[in-house]
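This is run12.csv. It holds CSV, C-alpha atoms.
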```csv
chain,number,residue,atom,x,y,z
A,23,MET,CA,-1.0,-11.5,21.8
A,24,ARG,CA,-0.3,-7.9,20.6
A,25,THR,CA,0.1,-5.2,23.3
A,26,SER,CA,-2.3,-3.0,21.2
A,27,GLU,CA,-5.0,-5.5,22.2
A,28,VAL,CA,-4.2,-4.8,25.9
A,29,THR,CA,-4.0,-1.1,25.9
A,30,ALA,CA,-7.4,0.6,26.8
A,31,LEU,CA,-8.7,-2.7,28.2
A,32,PRO,CA,-10.8,-2.0,31.4
A,33,VAL,CA,-9.4,-3.2,34.7
A,34,VAL,CA,-12.2,-4.9,36.5
A,35,THR,CA,-12.4,-6.3,40.1
A,36,LEU,CA,-13.9,-9.7,40.8
A,37,ALA,CA,-16.8,-7.8,42.3
A,38,GLY,CA,-17.5,-6.4,38.9
A,39,ASP,CA,-16.2,-2.8,39.5
A,40,ASP,CA,-14.6,-1.1,36.6
A,41,VAL,CA,-11.8,0.8,38.3
A,42,ALA,CA,-9.4,1.9,35.5
A,43,GLN,CA,-8.1,1.1,32.0
A,44,VAL,CA,-4.7,0.0,30.8
A,45,LYS,CA,-2.5,2.8,29.5
A,46,ASP,CA,1.1,1.6,29.1
A,47,ILE,CA,2.6,-1.9,29.2
A,48,ALA,CA,5.9,-1.8,31.1
A,49,PHE,CA,8.5,-4.5,30.6
A,50,SER,CA,12.0,-5.2,31.7
A,51,GLY,CA,14.8,-4.9,29.2
A,52,ASP,CA,16.7,-7.6,31.1
A,53,GLY,CA,14.5,-10.6,30.2
A,54,GLY,CA,11.5,-9.1,28.5
A,55,ALA,CA,9.2,-9.9,31.5
A,56,VAL,CA,6.1,-7.7,31.6
A,57,ALA,CA,6.3,-5.9,35.0
A,58,GLY,CA,2.8,-4.4,34.9
A,59,PHE,CA,0.6,-1.6,33.5
A,60,THR,CA,0.3,2.1,34.0
A,61,LEU,CA,-3.4,3.1,34.2
A,62,ALA,CA,-5.8,5.8,33.1
A,63,GLY,CA,-9.1,6.7,34.5
A,64,ARG,CA,-12.3,5.4,32.8
A,65,GLY,CA,-14.0,8.7,32.4
A,66,LEU,CA,-13.8,10.7,29.2
A,67,PHE,CA,-12.0,13.5,30.8
A,68,SER,CA,-9.9,11.5,33.3
A,69,GLY,CA,-6.1,11.3,32.5
A,70,PRO,CA,-3.3,9.0,33.7
A,71,LEU,CA,-3.6,7.7,37.2
A,72,LYS,CA,-1.0,7.8,39.9
A,73,THR,CA,-1.7,4.1,40.5
A,74,GLY,CA,-0.5,1.2,38.4
A,75,LEU,CA,-1.0,-2.5,38.3
A,76,LEU,CA,1.8,-5.0,38.8
A,77,TRP,CA,1.6,-8.1,36.7
A,78,SER,CA,1.8,-10.2,39.9
A,79,LYS,CA,-1.5,-8.7,41.0
A,80,VAL,CA,-3.3,-9.6,37.7
A,81,VAL,CA,-5.8,-12.5,38.3
A,82,GLY,CA,-6.7,-12.9,34.6
A,83,LEU,CA,-6.1,-11.2,31.2
A,84,GLY,CA,-8.7,-11.8,28.6
A,85,PRO,CA,-9.7,-10.2,25.3
A,86,ASP,CA,-12.1,-7.8,27.0
A,87,ALA,CA,-10.7,-7.0,30.5
A,88,VAL,CA,-7.9,-7.3,32.9
A,89,MET,CA,-9.1,-8.9,36.1
A,90,ILE,CA,-7.9,-8.1,39.6
A,91,THR,CA,-9.2,-9.1,43.0
A,92,ASP,CA,-10.1,-5.7,44.3
A,93,GLU,CA,-8.9,-2.1,44.3
A,94,SER,CA,-6.2,-2.9,46.9
A,95,ALA,CA,-4.3,-4.7,44.1
A,96,LEU,CA,-3.4,-1.3,42.6
A,97,ASP,CA,0.0,0.1,43.6
A,98,PRO,CA,1.8,3.4,43.1
A,99,VAL,CA,2.8,3.8,39.4
A,100,ASP,CA,6.4,4.2,40.5
A,101,ASP,CA,6.3,0.6,41.8
A,102,VAL,CA,5.4,-0.6,38.3
A,103,ARG,CA,8.2,1.5,36.8
A,104,GLY,CA,10.6,0.2,39.4
A,105,ALA,CA,9.7,-3.4,38.7
A,106,ALA,CA,10.4,-2.8,35.0
A,107,ALA,CA,13.8,-1.3,35.7
A,108,SER,CA,16.9,-3.4,34.9
A,109,ALA,CA,18.6,-5.1,37.8
A,110,ASP,CA,21.4,-2.5,37.6
A,111,GLY,CA,18.9,0.3,37.4
A,112,SER,CA,19.9,1.2,33.8
A,113,GLY,CA,18.4,0.7,30.4
A,114,SER,CA,15.4,3.0,30.6
A,115,GLY,CA,14.6,3.2,26.9
A,116,GLY,CA,11.1,4.8,27.1
A,117,ASN,CA,8.4,3.9,24.6
A,118,VAL,CA,9.6,1.3,22.1
A,119,LEU,CA,6.8,2.0,19.6
A,120,GLY,CA,8.3,3.8,16.7
A,121,ASP,CA,11.8,2.7,17.5
A,122,GLN,CA,14.1,1.4,14.8
A,123,VAL,CA,15.1,-2.3,14.9
A,124,LEU,CA,18.7,-2.9,14.0
A,125,THR,CA,20.6,-6.2,13.7
A,126,ASP,CA,23.9,-6.6,15.5
A,127,GLY,CA,25.3,-6.5,11.9
A,128,GLY,CA,24.0,-2.9,11.5
A,129,THR,CA,21.1,-3.7,9.2
A,130,ASP,CA,17.8,-1.8,9.6
A,131,LEU,CA,14.9,-4.2,9.8
A,132,GLY,CA,12.2,-1.5,10.2
A,133,ARG,CA,10.2,0.4,12.9
A,134,VAL,CA,8.3,-1.1,15.8
A,135,VAL,CA,4.5,-0.7,15.4
A,136,ASP,CA,3.5,-3.3,18.0
A,137,VAL,CA,4.9,-5.7,20.6
A,138,ILE,CA,4.1,-9.4,20.9
A,139,VAL,CA,3.7,-10.8,24.4
A,140,GLN,CA,3.3,-14.4,25.5
A,141,PHE,CA,1.4,-15.3,28.6
A,142,ASP,CA,-0.5,-18.1,30.1
A,143,ASN,CA,-3.3,-17.4,32.6
A,144,GLY,CA,-2.3,-20.5,34.4
A,145,SER,CA,1.3,-19.4,35.0
A,146,SER,CA,2.8,-16.2,36.5
A,147,ALA,CA,4.9,-15.2,33.6
A,148,CYS,CA,4.2,-12.7,30.8
A,149,ASP,CA,7.0,-12.1,28.4
A,150,VAL,CA,7.8,-10.0,25.4
A,151,VAL,CA,8.7,-12.4,22.7
A,152,GLY,CA,8.7,-10.3,19.5
A,153,TYR,CA,8.2,-7.0,17.7
A,154,GLU,CA,5.7,-6.3,15.0
A,155,ILE,CA,7.6,-4.0,12.6
A,156,GLU,CA,6.9,-2.1,9.4
A,157,ALA,CA,9.5,-3.8,7.2
A,158,SER,CA,12.5,-1.8,5.8
A,159,GLU,CA,13.3,-2.2,2.1
A,160,HIS,CA,16.1,-4.6,3.1
A,161,LEU,CA,13.9,-6.9,5.0
A,162,ALA,CA,11.0,-6.7,2.6
A,163,ALA,CA,13.4,-7.9,-0.2
A,164,LYS,CA,14.2,-11.0,1.8
A,165,VAL,CA,10.6,-12.0,2.6
A,166,SER,CA,8.2,-13.3,-0.1
A,167,ASN,CA,5.0,-11.2,-0.7
A,168,ALA,CA,6.4,-8.3,1.4
A,169,SER,CA,7.1,-4.8,0.3
A,170,ASN,CA,8.5,-1.7,2.1
A,171,GLY,CA,6.2,-1.1,5.1
A,172,THR,CA,4.6,-4.5,5.2
A,173,ARG,CA,4.0,-5.6,8.8
A,174,LEU,CA,6.2,-8.5,9.9
A,175,LEU,CA,6.9,-10.2,13.2
A,176,VAL,CA,10.5,-10.4,14.4
A,177,PRO,CA,11.3,-12.9,17.2
A,178,LEU,CA,13.4,-11.8,20.1
A,179,PRO,CA,16.0,-13.5,22.2
A,180,ASP,CA,15.4,-14.1,25.9
A,181,THR,CA,17.6,-11.1,26.7
A,182,LEU,CA,16.7,-7.9,25.0
A,183,ALA,CA,19.0,-5.1,24.0
A,184,VAL,CA,17.3,-1.7,24.2
A,185,SER,CA,19.1,1.6,24.1
A,186,GLY,CA,17.9,5.1,23.1
A,187,GLU,CA,16.0,5.0,19.8
A,188,HIS,CA,17.3,1.6,18.7
A,189,LEU,CA,16.4,-2.0,19.5
A,190,MET,CA,19.0,-4.5,18.7
A,191,VAL,CA,18.4,-8.1,17.6
A,192,PRO,CA,20.8,-10.8,16.4
A,193,ALA,CA,21.3,-10.9,12.6
A,194,SER,CA,20.0,-14.4,12.6
A,195,ALA,CA,16.5,-13.1,13.5
A,196,GLU,CA,16.0,-12.2,9.9
A,197,GLY,CA,15.7,-15.9,9.1
A,198,PHE,CA,12.8,-16.3,11.5
A,199,VAL,CA,10.6,-13.4,10.5
A,200,SER,CA,7.0,-14.4,10.3
A,201,GLY,CA,4.0,-12.8,8.6
A,202,ASP,CA,1.3,-14.0,10.9
A,203,LEU,CA,0.8,-14.5,14.6
A,204,ALA,CA,-0.5,-18.1,14.2
A,205,GLY,CA,2.9,-19.4,13.2
A,206,PHE,CA,5.0,-17.0,15.3
A,207,GLY,CA,5.2,-19.1,18.4
A,208,ALA,CA,7.1,-21.8,16.5
A,209,ALA,CA,9.3,-19.1,14.9
A,210,VAL,CA,10.2,-17.8,18.4
A,211,SER,CA,11.0,-21.3,19.7
A,212,ALA,CA,13.1,-22.2,16.7
A,213,PHE,CA,15.0,-18.8,16.9
A,214,ARG,CA,15.7,-19.2,20.7
A,215,ALA,CA,16.7,-22.9,20.2
A,216,GLN,CA,19.2,-21.7,17.5
A,217,LEU,CA,20.5,-19.2,20.0
A,218,GLY,CA,20.7,-21.8,22.7
A,219,THR,CA,18.1,-20.2,25.0
A,220,PRO,CA,14.9,-21.9,26.2
A,221,GLY,CA,12.0,-21.6,23.7
A,222,GLU,CA,8.5,-20.4,24.6
A,223,GLY,CA,5.1,-20.6,23.0
A,224,VAL,CA,3.0,-17.6,22.1
B,4,MET,CA,-23.6,36.0,12.8
B,5,TRP,CA,-22.1,36.3,16.3
B,6,LEU,CA,-24.0,33.3,17.5
B,7,VAL,CA,-22.4,31.2,14.6
B,8,LEU,CA,-19.0,32.5,15.5
B,9,VAL,CA,-19.4,31.6,19.2
B,10,LEU,CA,-20.7,28.1,18.3
B,11,VAL,CA,-17.7,27.5,16.0
B,12,ILE,CA,-15.2,28.7,18.6
B,13,ALA,CA,-16.9,26.5,21.3
B,14,ALA,CA,-16.9,23.5,19.0
B,15,ALA,CA,-13.2,24.0,18.2
B,16,ALA,CA,-12.4,24.3,21.9
B,17,VAL,CA,-14.2,21.1,22.8
B,18,GLY,CA,-12.6,19.3,19.9
B,19,GLY,CA,-9.1,20.5,21.0
B,20,LEU,CA,-9.8,19.4,24.6
B,21,LEU,CA,-10.9,16.0,23.5
B,22,ALA,CA,-7.9,15.6,21.2
B,23,LEU,CA,-5.6,16.6,24.0
B,24,GLN,CA,-7.3,14.2,26.4
B,25,ALA,CA,-7.0,11.3,23.9
B,26,ARG,CA,-3.3,12.1,23.6
B,27,ARG,CA,-2.8,11.9,27.3
B,28,ARG,CA,-4.6,8.6,27.5
B,29,ARG,CA,-2.9,7.0,24.5
B,30,GLY,CA,-1.0,3.9,25.5
B,31,GLY,CA,2.5,2.8,24.8
B,32,VAL,CA,5.0,0.0,25.5
B,33,ILE,CA,7.6,1.2,27.9
B,34,VAL,CA,10.8,-0.6,28.7
B,35,GLY,CA,13.1,-0.3,31.7
B,36,GLY,CA,10.7,1.6,33.8
B,37,ALA,CA,11.1,5.0,32.1
B,38,ALA,CA,8.2,7.3,31.6
B,39,PRO,CA,7.2,7.3,27.9
B,40,ARG,CA,9.2,9.9,26.1
B,41,ARG,CA,7.7,12.0,23.4
B,42,LYS,CA,8.7,11.3,19.8
B,43,SER,CA,8.4,13.5,16.8
B,44,GLY,CA,6.6,11.8,14.0
B,45,GLY,CA,6.2,8.4,15.8
B,46,SER,CA,3.8,6.9,18.1
B,47,SER,CA,4.1,7.8,21.8
```

Transcribe the structure of this file into structure tokens.
Amino acid sequence: MRTSEVTALPVVTLAGDDVAQVKDIAFSGDGGAVAGFTLAGRGLFSGPLKTGLLWSKVVGLGPDAVMITDESALDPVDDVRGAAASADGSGSGGNVLGDQVLTDGGTDLGRVVDVIVQFDNGSSACDVVGYEIEASEHLAAKVSNASNGTRLLVPLPDTLAVSGEHLMVPASAEGFVSGDLAGFGAAVSAFRAQLGTPGEGV
Amino acid sequence: MWLVLVLVIAAAAVGGLLALQARRRRGGVIVGGAAPRRKSGGSS
């Protein structure tokens, strides 16, 4: 699932009250786990809220709404940011949209336009498993039917490297770039198996 | 004439306000718990 499909989703209680909408998705640079969401009000003139939603408080995430039990599930937004912080408190890279993706060999793969998350409503985990990028000339030349700016999906290792304006991926990720979301889960599994980390589906 | 001018100014003000509000509400994907930083030329 793309994070762009989650932003602006309404947050709805099981009683049917529409209490907020998703603004940002916050995830940890340590393991890519989604920590939660920052929220905005539902009114036309309402801005960002001081409350956020921890992923652990999400009852269900569907194509049309994020479900919570009731308004007490909302926490201060700093709690969400704290949950997304690295274990050592470092690694605050800000918004990854627009960041440049570099391989550890120093090759530019493109710029992030979306982030792919994997979750299962039956489990407690929601993880970042890939970036959707606008391909650089280098990457486009390696992928059939791609040109400079074509949107491609790059699988991520279990542990992410994020610093400043750059997102690092292993050079071997180039071999697992996918053009469509349907086959991306298999690409992530194969990539992580090749790295020796546990694979996951999308 | 003055009425048209006032209406144009009012429409521009409302449009600017709505654009500003849309920018404040625009989402992002933040890592490591930082508040989203502003980027020039990119999404924020």

Hey, which of A:Gln122, A:Ser200, A:Thr35, A:Asn170 ends up closest to Leu83 in chain A? Count only C-alpha atoms.
->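 Counting only C-alpha atoms, the residue closest to Leu83 in chain A is A:Thr35.
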
Using only C-alpha atoms, pick whichever of B:Leu23, B:Val34, B:Val17, B:Leu6 has the shortest atom-to-atom distance to Leu189 in chain A.
->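 Between B:Leu23, B:Val34, B:Val17, B:Leu6, the residue approaching Leu189 in chain A most closely is B:Val34.
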
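For chain A, the residues having at least one atom no farther than 6 Å from chain B, when counting all atoms listed in the file, are Thr29, Lys45, Asp46, Ile47, Ala48, Phe49, Ser50, Gly51, Gly69, Arg103, Gly104, Ala106, Ala107, Ser108, Gly113, Ser114, Gly115, Gly116, Asn117, Val118, Leu119 and Gly120 of chain A.
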
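We find CA of Met23 in chain A and CA of Gly205 in chain A to be spaced 12.3 Å apart.
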
Could you tell me how far CA of Phe206 in chain A lies from CA of Cys148 in chain A, in Å and to one decimal?
->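 Pair CA of Phe206 in chain A / CA of Cys148 in chain A returns 16.1 Å.
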
Two-atom distance - CA of Val137 in chain A, CA of Leu174 in chain A (Å) |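 Going from CA of Val137 in chain A over to CA of Leu174 in chain A covers 11.1 Å.
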
Distance query 10 Å from (17.2, -5.4, 22.4) using all atoms listed in the file, result as a list in words =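 It turns out the residues near that spot are Gly51, Asp52, Gly53, Gly54, Val123, Leu124, Thr125, Asp126, Leu178, Pro179, Asp180, Thr181, Leu182, Ala183, Val184, Ser185, His188, Leu189, Met190, Val191 and Pro192 of chain A.
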
Given all atoms listed in the file as the counted atoms, nearest of A:Gly132, A:Gly201, A:Gly152, A:Gly65 to Val165 in chain A =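 The closest residue to Val165 in chain A is A:Gly201.
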
With a distance cut-off of 9 Å and only C-alpha atoms, select the neighbouring residues of Trp77 in chain A, excluding the residue or stretch itself and same-chain residues fewer than 2 positions from it, and output the selection as a CSV table (one decimal) with C-alpha atoms, in the coordinates of the input.
```
chain,number,residue,atom,x,y,z
A,56,VAL,CA,6.1,-7.7,31.6
A,57,ALA,CA,6.3,-5.9,35.0
A,58,GLY,CA,2.8,-4.4,34.9
A,59,PHE,CA,0.6,-1.6,33.5
A,75,LEU,CA,-1.0,-2.5,38.3
A,79,LYS,CA,-1.5,-8.7,41.0
A,80,VAL,CA,-3.3,-9.6,37.7
A,81,VAL,CA,-5.8,-12.5,38.3
A,102,VAL,CA,5.4,-0.6,38.3
A,146,SER,CA,2.8,-16.2,36.5
A,147,ALA,CA,4.9,-15.2,33.6
A,148,CYS,CA,4.2,-12.7,30.8
```

Residue neighbourhood Leu61 in chain A, 8 Å, only C-alpha atoms, exclusion window fewer than 4 positions, as number ranges by chain = A: 42-46, 70-75
